[in-house]
Amino acid sequence: MAIEQTLVIIKPDGLIKSLTGNILSRLSETKLIIIGAKVVQVTDKLAREHYKHLMDKPFFEELVHYIMGDVHHTHRVLALVYQGENAIAKVREIVGDTNPEKANPVSIRGAYGRITTSGVFENVVHASSSPEDAEHEIKLWFRPAEIVGLVYPMKDVVMEKVIEQEWA
Ligand code: UDP
Ligand code: MG
């Protein structure tokens with residue numbers, strides 16, 4: 001079996017409902033390792049890029065608001081990269097079906113997700129669904145230096161006139 005990486009995002013509803021510890025405990029059953037983790041304030045651009053495969057869906061604008069945290073008034077998510085054998089399927093199994101109503105009740109989405117009256121699946125977590133999606137998503141959400149270990153090929157880029165913030 002191949003060593004894979006997968007992106008997990010605890011969405012704003014997962015954070016606001018204090019499910020973080022529970023979700024991380026459930027995911028630890030996989031024995032996968034965490035190679036990246038950070039709190040992210042999702043921008044409109046990141047939200048649209050992450051969900052671009054759903055651009056034509058009637059719920060797309062609502063979905064963008066949801067992942068940005070507008071709906072739950074908490075403008076942050078927790079993004080993690082898990083690594084190990086068969087990581088994508090192992091995580092998806094614990095996370096459950098996209099539709100919380102159809103998801104196995106013992107899965108994270110089955111236990112904690114809901115469908116809003118406007119039809120958006122507020123399903124608490126994101127998990128990559130294929131190696132191609134995982135690579136695209138991990139590169140979208142994380143910079144190479146934020147991942148422990150070499151996951152994808154990197155290149156050196158010489159930066160000029162870069163302004164970075166430091167502690168004052
Ligand atoms: N989604 C939704 N309604 C749908 C399909 C998707 O609200 O009919 C939302 C849901 O939050 C889901 C996300 O859009 O997690 C991404 O959809 P995708 O089909 O990629 O499902 P996932 O990979 O998250 O299971
Ligand atoms: Mg998906």
# chains A, B, ... in the order shown; residues from 1 in each chain; ligands from 1
call {"tool": "residues_near_ligand", "arguments": {"ligand": "ligand 2", "cutoff": "9 Å", "atoms": "only C-alpha atoms and all ligand atoms", "output": "ChimeraX atom specification"}}
result
/A:50-51,53,98,126-130,133
call {"tool": "residues_near_ligand", "arguments": {"ligand": "ligand 1", "cutoff": "10 Å", "atoms": "only C-alpha atoms and all ligand atoms", "output": "PyMOL selection string"}}
result
chain A and resi 9+11+50-54+57-60+62-64+66-67+92+95-100+109+113-116+118-130+133
call {"tool": "closest_residue", "arguments": {"among": "A:Asp13, A:Glu101, A:Glu4, A:Glu85", "to": "A:Asp70", "atoms": "only C-alpha atoms"}}
result
A:Asp13
call {"tool": "closest_atom_pairs", "arguments": {"of": "stretch 32-63 of chain A", "to": "stretch 139-142 of chain A", "cutoff": "10 Å", "atoms": "only C-alpha atoms", "output": "Markdown table"}}
result
| residue | atom | partner | partner_atom | distance |
| --- | --- | --- | --- | --- |
| A:Gly36 | CA | A:Phe142 | CA | 8.0 |
| A:Ala37 | CA | A:Phe142 | CA | 8.9 |
| A:Lys38 | CA | A:Phe142 | CA | 8.9 |
| A:Val40 | CA | A:Trp141 | CA | 8.7 |
| A:Val42 | CA | A:Trp141 | CA | 9.6 |
| A:Leu46 | CA | A:Leu140 | CA | 7.9 |
| A:Glu49 | CA | A:Leu140 | CA | 8.3 |
| A:His50 | CA | A:Leu140 | CA | 7.8 |
call {"tool": "atom_distance", "arguments": {"atom1": "atom CA of A:Ala89", "atom2": "atom CA of A:Gln5"}}
result
10.6 Å
call {"tool": "residues_around", "arguments": {"residues": "stretch 27-29 of chain A", "least_positions_apart": "2", "cutoff": "10 Å", "atoms": "only C-alpha atoms", "output": "tab-separated table (two decimals) with all heavy atoms, in the first residue's frame"}}
result
chain	number	residue	atom	x	y	z
A	8	VAL	N	-6.86	17.53	5.92
A	8	VAL	CA	-8.07	17.54	6.77
A	8	VAL	C	-8.29	18.99	7.20
A	8	VAL	O	-7.34	19.68	7.56
A	8	VAL	CB	-7.88	16.64	8.01
A	8	VAL	CG1	-9.03	16.83	9.00
A	8	VAL	CG2	-7.77	15.17	7.61
A	21	GLY	N	-11.12	18.47	19.72
A	21	GLY	CA	-10.47	17.38	20.44
A	21	GLY	C	-11.03	16.03	20.05
A	21	GLY	O	-10.31	15.06	19.80
A	22	ASN	N	-12.34	15.99	19.96
A	22	ASN	CA	-13.03	14.76	19.60
A	22	ASN	C	-12.62	14.29	18.19
A	22	ASN	O	-12.33	13.11	17.97
A	22	ASN	CB	-14.53	15.05	19.65
A	22	ASN	CG	-15.36	13.80	19.60
A	22	ASN	OD1	-15.24	13.06	18.63
A	22	ASN	ND2	-16.16	13.56	20.61
A	23	ILE	N	-12.60	15.22	17.25
A	23	ILE	CA	-12.24	14.88	15.87
A	23	ILE	C	-10.79	14.38	15.80
A	23	ILE	O	-10.50	13.37	15.15
A	23	ILE	CB	-12.46	16.10	14.93
A	23	ILE	CG1	-13.96	16.40	14.81
A	23	ILE	CG2	-11.83	15.86	13.56
A	23	ILE	CD1	-14.28	17.76	14.22
A	24	LEU	N	-9.89	15.08	16.50
A	24	LEU	CA	-8.48	14.65	16.47
A	24	LEU	C	-8.32	13.29	17.12
A	24	LEU	O	-7.52	12.46	16.66
A	24	LEU	CB	-7.59	15.70	17.16
A	24	LEU	CG	-7.53	17.07	16.47
A	24	LEU	CD1	-6.59	18.01	17.22
A	24	LEU	CD2	-7.09	16.96	15.01
A	25	SER	N	-9.08	13.01	18.17
A	25	SER	CA	-9.02	11.69	18.81
A	25	SER	C	-9.50	10.61	17.84
A	25	SER	O	-8.90	9.55	17.72
A	25	SER	CB	-9.90	11.64	20.06
A	25	SER	OG	-9.38	12.48	21.03
A	31	LYS	N	-3.71	5.88	13.28
A	31	LYS	CA	-2.26	5.75	13.50
A	31	LYS	C	-1.45	6.50	12.43
A	31	LYS	O	-0.25	6.25	12.28
A	31	LYS	CB	-1.79	4.29	13.56
A	31	LYS	CG	-2.55	3.44	14.57
A	31	LYS	CD	-2.27	3.88	15.99
A	31	LYS	CE	-3.10	3.07	16.99
A	31	LYS	NZ	-3.37	3.81	18.23
A	32	LEU	N	-2.10	7.39	11.71
A	32	LEU	CA	-1.37	8.23	10.75
A	32	LEU	C	-0.61	9.29	11.54
A	32	LEU	O	-0.95	9.55	12.70
A	32	LEU	CB	-2.35	8.89	9.78
A	32	LEU	CG	-3.17	7.93	8.92
A	32	LEU	CD1	-4.32	8.67	8.24
A	32	LEU	CD2	-2.29	7.24	7.88
A	33	ILE	N	0.38	9.93	10.91
A	33	ILE	CA	1.09	11.00	11.61
A	33	ILE	C	0.68	12.36	11.04
A	33	ILE	O	0.31	12.47	9.87
A	33	ILE	CB	2.63	10.83	11.54
A	33	ILE	CG1	3.14	10.84	10.10
A	33	ILE	CG2	3.06	9.55	12.27
A	33	ILE	CD1	4.64	11.02	9.99
A	34	ILE	N	0.74	13.37	11.90
A	34	ILE	CA	0.44	14.73	11.47
A	34	ILE	C	1.75	15.38	11.03
A	34	ILE	O	2.71	15.41	11.80
A	34	ILE	CB	-0.20	15.55	12.62
A	34	ILE	CG1	-1.56	14.94	12.99
A	34	ILE	CG2	-0.37	17.01	12.21
A	34	ILE	CD1	-2.18	15.53	14.26
A	82	TYR	N	-2.21	14.84	7.21
A	82	TYR	CA	-1.91	13.52	7.77
A	82	TYR	C	-1.15	12.71	6.72
A	82	TYR	O	-1.40	12.84	5.52
A	82	TYR	CB	-3.20	12.77	8.13
A	82	TYR	CG	-3.82	13.23	9.42
A	82	TYR	CD1	-4.64	14.34	9.46
A	82	TYR	CD2	-3.57	12.55	10.62
A	82	TYR	CE1	-5.21	14.77	10.66
A	82	TYR	CE2	-4.15	12.97	11.82
A	82	TYR	CZ	-4.97	14.08	11.83
A	82	TYR	OH	-5.53	14.50	13.01
A	90	LYS	N	-8.42	5.88	4.74
A	90	LYS	CA	-8.57	5.71	6.20
A	90	LYS	C	-9.28	6.92	6.81
A	90	LYS	O	-10.16	6.78	7.66
A	90	LYS	CB	-7.20	5.54	6.87
A	90	LYS	CG	-6.64	4.12	6.75
A	90	LYS	CD	-5.31	4.03	7.47
A	90	LYS	CE	-4.69	2.65	7.30
A	90	LYS	NZ	-3.25	2.64	7.62
A	91	VAL	N	-8.87	8.11	6.38
A	91	VAL	CA	-9.48	9.32	6.94
A	91	VAL	C	-10.92	9.47	6.46
A	91	VAL	O	-11.83	9.77	7.24
A	91	VAL	CB	-8.62	10.58	6.61
A	91	VAL	CG1	-9.38	11.86	6.99
A	91	VAL	CG2	-7.28	10.52	7.33
A	92	ARG	N	-11.16	9.23	5.17
A	92	ARG	CA	-12.52	9.36	4.62
A	92	ARG	C	-13.49	8.42	5.34
A	92	ARG	O	-14.66	8.75	5.55
A	92	ARG	CB	-12.54	9.07	3.11
A	92	ARG	CG	-11.88	10.12	2.23
A	92	ARG	CD	-12.66	11.39	1.99
A	92	ARG	NE	-13.93	11.28	1.33
A	92	ARG	CZ	-14.58	12.32	0.80
A	92	ARG	NH1	-14.05	13.54	0.83
A	92	ARG	NH2	-15.75	12.16	0.24
A	93	GLU	N	-13.01	7.25	5.69
A	93	GLU	CA	-13.85	6.27	6.39
A	93	GLU	C	-14.34	6.82	7.73
A	93	GLU	O	-15.53	6.73	8.06
A	93	GLU	CB	-13.00	5.00	6.59
A	93	GLU	CG	-13.58	3.98	7.56
A	93	GLU	CD	-14.45	2.95	6.86
A	93	GLU	OE1	-14.09	2.58	5.73
A	93	GLU	OE2	-15.46	2.54	7.46
A	94	ILE	N	-13.44	7.40	8.48
A	94	ILE	CA	-13.81	7.95	9.80
A	94	ILE	C	-14.64	9.23	9.66
A	94	ILE	O	-15.53	9.50	10.45
A	94	ILE	CB	-12.53	8.19	10.64
A	94	ILE	CG1	-11.93	6.84	11.02
A	94	ILE	CG2	-12.82	9.04	11.88
A	94	ILE	CD1	-10.60	6.92	11.71
A	95	VAL	N	-14.34	10.00	8.59
A	95	VAL	CA	-15.06	11.26	8.35
A	95	VAL	C	-16.50	10.99	7.90
A	95	VAL	O	-17.42	11.67	8.33
A	95	VAL	CB	-14.28	12.11	7.30
A	95	VAL	CG1	-15.15	13.19	6.70
A	95	VAL	CG2	-13.04	12.73	7.96
A	108	ILE	N	-17.74	10.90	11.82
A	108	ILE	CA	-17.74	12.28	12.33
A	108	ILE	C	-18.90	13.07	11.73
A	108	ILE	O	-19.65	13.75	12.44
A	108	ILE	CB	-16.38	12.96	12.04
A	108	ILE	CG1	-15.26	12.25	12.80
A	108	ILE	CG2	-16.43	14.44	12.40
A	108	ILE	CD1	-13.85	12.65	12.36
call {"tool": "atom_distance", "arguments": {"atom1": "atom CA of A:Pro144", "atom2": "atom CA of A:Ile35"}}
result
11.0 Å
